[in-house]
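Notes for the one structure printed next.
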Amino acid sequence: MMAFEPQPRGGRSLSLMPTYRCTAACSHCGTLSSPQDKTRLDQAHLISAIDQAADLGYQIVVFTGGEATLAGDDLFELVRHATQKSLPTRLVTNAWWARDEVRAVEWISRFVDAGRTLRPGRAGVTSHRGCS
Ligand code: SF4
């Protein structure tokens, strides 16, 4: 069983949306995300934003969307980069990837491992309810 530490409260947080694409297409979606939307932010810009947040004393990087996990390996690179900059991370996800226990543990392990590069236990996952 993996344990997550409480995320820091207060301070400034950087929210990054690597993609507007989502596995769902909720009528209430604030970003009008859907499987048809292929919009992606350039990875170099995302890394630069993390660097700037670290330099400016931000306290956490939140990955949201769209469904940030659809960025695949790029998401884990961003988590590792934030961790190397001593920034804890949080993922907001509709948890489409948790279809069964094996897949759920696999994804959470990847996320936590990426966030544990330098600072153990500094990664978190938040699920939100989509209508898929
Ligand atoms: S799951 Fe979330 S991001 Fe995806 S369409 Fe629904 S509200 Fe939007």
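Chain identifiers are assigned as A, B, and so on, following the order in which chains appear in the structure tokens; residues are numbered from 1 within each chain, and ligands are numbered from 1 in order of appearance.
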
If you run DSSP on the backbone, which residues of region 30-63 of chain A are helix (DSSP H, G or I), as a ChimeraX atom specification? /A:43-55

How would you report the residues lying within 10 Å of ligand 1, as an mmCIF file with N, CA and C atoms, in the first residue's frame, if you count only C-alpha atoms and all ligand atoms?
data_model
loop_
_atom_site.group_PDB
_atom_site.id
_atom_site.type_symbol
_atom_site.label_atom_id
_atom_site.label_comp_id
_atom_site.auth_asym_id
_atom_site.auth_seq_id
_atom_site.Cartn_x
_atom_site.Cartn_y
_atom_site.Cartn_z
ATOM 1 N N MET A 17 -1.758 22.493 -18.038
ATOM 2 C CA MET A 17 -2.668 21.654 -18.816
ATOM 3 C C MET A 17 -1.910 21.165 -20.047
ATOM 4 N N THR A 19 -2.583 19.008 -22.140
ATOM 5 C CA THR A 19 -3.465 18.792 -23.281
ATOM 6 C C THR A 19 -4.904 19.138 -22.906
ATOM 7 N N TYR A 20 -5.658 19.589 -23.895
ATOM 8 C CA TYR A 20 -7.105 19.788 -23.703
ATOM 9 C C TYR A 20 -7.854 18.483 -23.990
ATOM 10 N N ARG A 21 -7.162 17.521 -24.582
ATOM 11 C CA ARG A 21 -7.812 16.256 -24.928
ATOM 12 C C ARG A 21 -8.235 15.526 -23.663
ATOM 13 N N CYS A 22 -9.344 14.816 -23.728
ATOM 14 C CA CYS A 22 -9.813 14.037 -22.587
ATOM 15 C C CYS A 22 -10.464 12.763 -23.100
ATOM 16 N N THR A 23 -10.510 11.768 -22.249
ATOM 17 C CA THR A 23 -11.187 10.516 -22.597
ATOM 18 C C THR A 23 -12.700 10.693 -22.540
ATOM 19 N N ALA A 24 -13.142 11.717 -21.832
ATOM 20 C CA ALA A 24 -14.579 11.976 -21.690
ATOM 21 C C ALA A 24 -14.947 13.258 -22.425
ATOM 22 N N ALA A 25 -16.231 13.524 -22.500
ATOM 23 C CA ALA A 25 -16.722 14.759 -23.117
ATOM 24 C C ALA A 25 -17.915 15.245 -22.291
ATOM 25 N N CYS A 26 -17.630 15.670 -21.075
ATOM 26 C CA CYS A 26 -18.694 16.048 -20.140
ATOM 27 C C CYS A 26 -19.369 17.351 -20.588
ATOM 28 N N SER A 27 -20.669 17.390 -20.465
ATOM 29 C CA SER A 27 -21.398 18.603 -20.866
ATOM 30 C C SER A 27 -21.048 19.784 -19.970
ATOM 31 N N HIS A 28 -20.620 19.500 -18.737
ATOM 32 C CA HIS A 28 -20.297 20.577 -17.806
ATOM 33 C C HIS A 28 -18.818 20.968 -17.844
ATOM 34 N N CYS A 29 -18.040 20.425 -18.750
ATOM 35 C CA CYS A 29 -16.593 20.633 -18.744
ATOM 36 C C CYS A 29 -16.240 22.111 -18.953
ATOM 37 N N GLY A 30 -15.456 22.645 -18.045
ATOM 38 C CA GLY A 30 -15.065 24.054 -18.120
ATOM 39 C C GLY A 30 -14.059 24.337 -19.208
ATOM 40 N N THR A 31 -13.380 23.311 -19.706
ATOM 41 C CA THR A 31 -12.375 23.518 -20.753
ATOM 42 C C THR A 31 -12.849 22.969 -22.106
ATOM 43 N N LEU A 32 -14.074 22.510 -22.169
ATOM 44 C CA LEU A 32 -14.659 21.958 -23.404
ATOM 45 C C LEU A 32 -13.784 20.827 -23.958
ATOM 46 N N SER A 33 -13.204 20.051 -23.066
ATOM 47 C CA SER A 33 -12.336 18.951 -23.478
ATOM 48 C C SER A 33 -13.161 17.787 -24.021
ATOM 49 N N SER A 34 -12.491 16.997 -24.863
ATOM 50 C CA SER A 34 -13.146 15.823 -25.449
ATOM 51 C C SER A 34 -12.092 14.956 -26.114
ATOM 52 N N PRO A 35 -12.458 13.734 -26.506
ATOM 53 C CA PRO A 35 -11.499 12.882 -27.228
ATOM 54 C C PRO A 35 -11.099 13.467 -28.581
ATOM 55 N N THR A 64 -3.302 19.264 -14.800
ATOM 56 C CA THR A 64 -4.731 19.102 -15.018
ATOM 57 C C THR A 64 -5.006 19.191 -16.511
ATOM 58 N N GLY A 65 -6.231 19.358 -16.902
ATOM 59 C CA GLY A 65 -6.526 19.390 -18.338
ATOM 60 C C GLY A 65 -7.947 19.896 -18.562
ATOM 61 N N GLY A 66 -8.475 19.209 -19.559
ATOM 62 C CA GLY A 66 -8.187 17.947 -20.232
ATOM 63 C C GLY A 66 -7.730 16.861 -19.254
ATOM 64 N N GLU A 67 -7.302 15.773 -19.861
ATOM 65 C CA GLU A 67 -6.827 14.639 -19.067
ATOM 66 C C GLU A 67 -5.312 14.570 -19.235
ATOM 67 N N ALA A 68 -4.594 15.036 -18.204
ATOM 68 C CA ALA A 68 -3.140 15.184 -18.317
ATOM 69 C C ALA A 68 -2.438 13.861 -18.590
ATOM 70 N N VAL A 92 -4.558 16.015 -11.314
ATOM 71 C CA VAL A 92 -6.030 15.974 -11.325
ATOM 72 C C VAL A 92 -6.433 15.119 -12.520
ATOM 73 N N THR A 93 -7.165 14.062 -12.268
ATOM 74 C CA THR A 93 -7.456 13.094 -13.321
ATOM 75 C C THR A 93 -8.850 12.519 -13.145
ATOM 76 N N ASN A 94 -9.456 12.102 -14.248
ATOM 77 C CA ASN A 94 -10.744 11.415 -14.137
ATOM 78 C C ASN A 94 -10.554 9.909 -13.892
ATOM 79 N N ALA A 95 -9.281 9.504 -13.782
ATOM 80 C CA ALA A 95 -8.920 8.122 -13.422
ATOM 81 C C ALA A 95 -9.405 7.089 -14.442
ATOM 82 N N TRP A 96 -9.442 7.477 -15.713
ATOM 83 C CA TRP A 96 -9.840 6.522 -16.768
ATOM 84 C C TRP A 96 -8.914 5.310 -16.780
ATOM 85 N N SER A 127 -8.560 12.608 -7.887
ATOM 86 C CA SER A 127 -9.508 12.194 -8.906
ATOM 87 C C SER A 127 -10.694 13.152 -8.913
ATOM 88 N N HIS A 128 -11.196 13.463 -10.104
ATOM 89 C CA HIS A 128 -12.421 14.244 -10.179
ATOM 90 C C HIS A 128 -13.421 13.473 -10.995
ATOM 91 N N ARG A 129 -14.676 13.754 -10.797
ATOM 92 C CA ARG A 129 -15.721 12.972 -11.435
ATOM 93 C C ARG A 129 -16.046 13.535 -12.801
ATOM 94 N N GLY A 130 -15.832 12.740 -13.815
ATOM 95 C CA GLY A 130 -16.296 13.083 -15.139
ATOM 96 C C GLY A 130 -17.631 12.393 -15.347
ATOM 97 N N CYS A 131 -18.173 12.450 -16.523
ATOM 98 C CA CYS A 131 -19.445 11.766 -16.762
ATOM 99 C C CYS A 131 -19.282 10.651 -17.760
ATOM 100 N N SER A 132 -18.048 10.153 -17.917
ATOM 101 C CA SER A 132 -17.807 9.087 -18.882
ATOM 102 C C SER A 132 -18.309 7.770 -18.337
#

Selected residue of minimal separation from Val112 (chain A) among A:Arg40, A:Arg80, A:Lys85, A:His45, counting only C-alpha atoms: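 For Val112 (chain A), the nearest of the candidates is A:Arg80.
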
Would you pick out the contacts of Leu87 (chain A) at 8 Å or less, using only C-alpha atoms, so that residues sharing its chain but fewer than 6 positions from it are not included, and give the list as an mmCIF file with N, CA and C atoms, in the first residue's frame?
data_model
loop_
_atom_site.group_PDB
_atom_site.id
_atom_site.type_symbol
_atom_site.label_atom_id
_atom_site.label_comp_id
_atom_site.auth_asym_id
_atom_site.auth_seq_id
_atom_site.Cartn_x
_atom_site.Cartn_y
_atom_site.Cartn_z
ATOM 1 N N ALA A 54 9.644 27.571 -10.123
ATOM 2 C CA ALA A 54 10.643 27.264 -9.091
ATOM 3 C C ALA A 54 11.425 28.524 -8.733
ATOM 4 N N TYR A 58 7.163 29.328 -6.230
ATOM 5 C CA TYR A 58 5.887 28.596 -6.185
ATOM 6 C C TYR A 58 6.061 27.343 -5.330
ATOM 7 N N GLN A 59 4.942 26.850 -4.790
ATOM 8 C CA GLN A 59 5.047 25.737 -3.840
ATOM 9 C C GLN A 59 4.587 24.404 -4.378
ATOM 10 N N ILE A 60 3.892 24.390 -5.501
ATOM 11 C CA ILE A 60 3.408 23.113 -6.030
ATOM 12 C C ILE A 60 3.081 23.279 -7.510
ATOM 13 N N VAL A 61 3.218 22.182 -8.256
ATOM 14 C CA VAL A 61 2.804 22.142 -9.656
ATOM 15 C C VAL A 61 1.651 21.150 -9.766
#

Could you work out how far CA of Trp97 (chain A) lies from CA of Leu70 (chain A), giving the answer in Å with one decimal? 9.7 Å

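Distance check against Arg90 (chain A) using only C-alpha atoms: of A:Ala44, A:Gly11, A:Gly115, A:Gln52, the minimum falls on A:Gly115.
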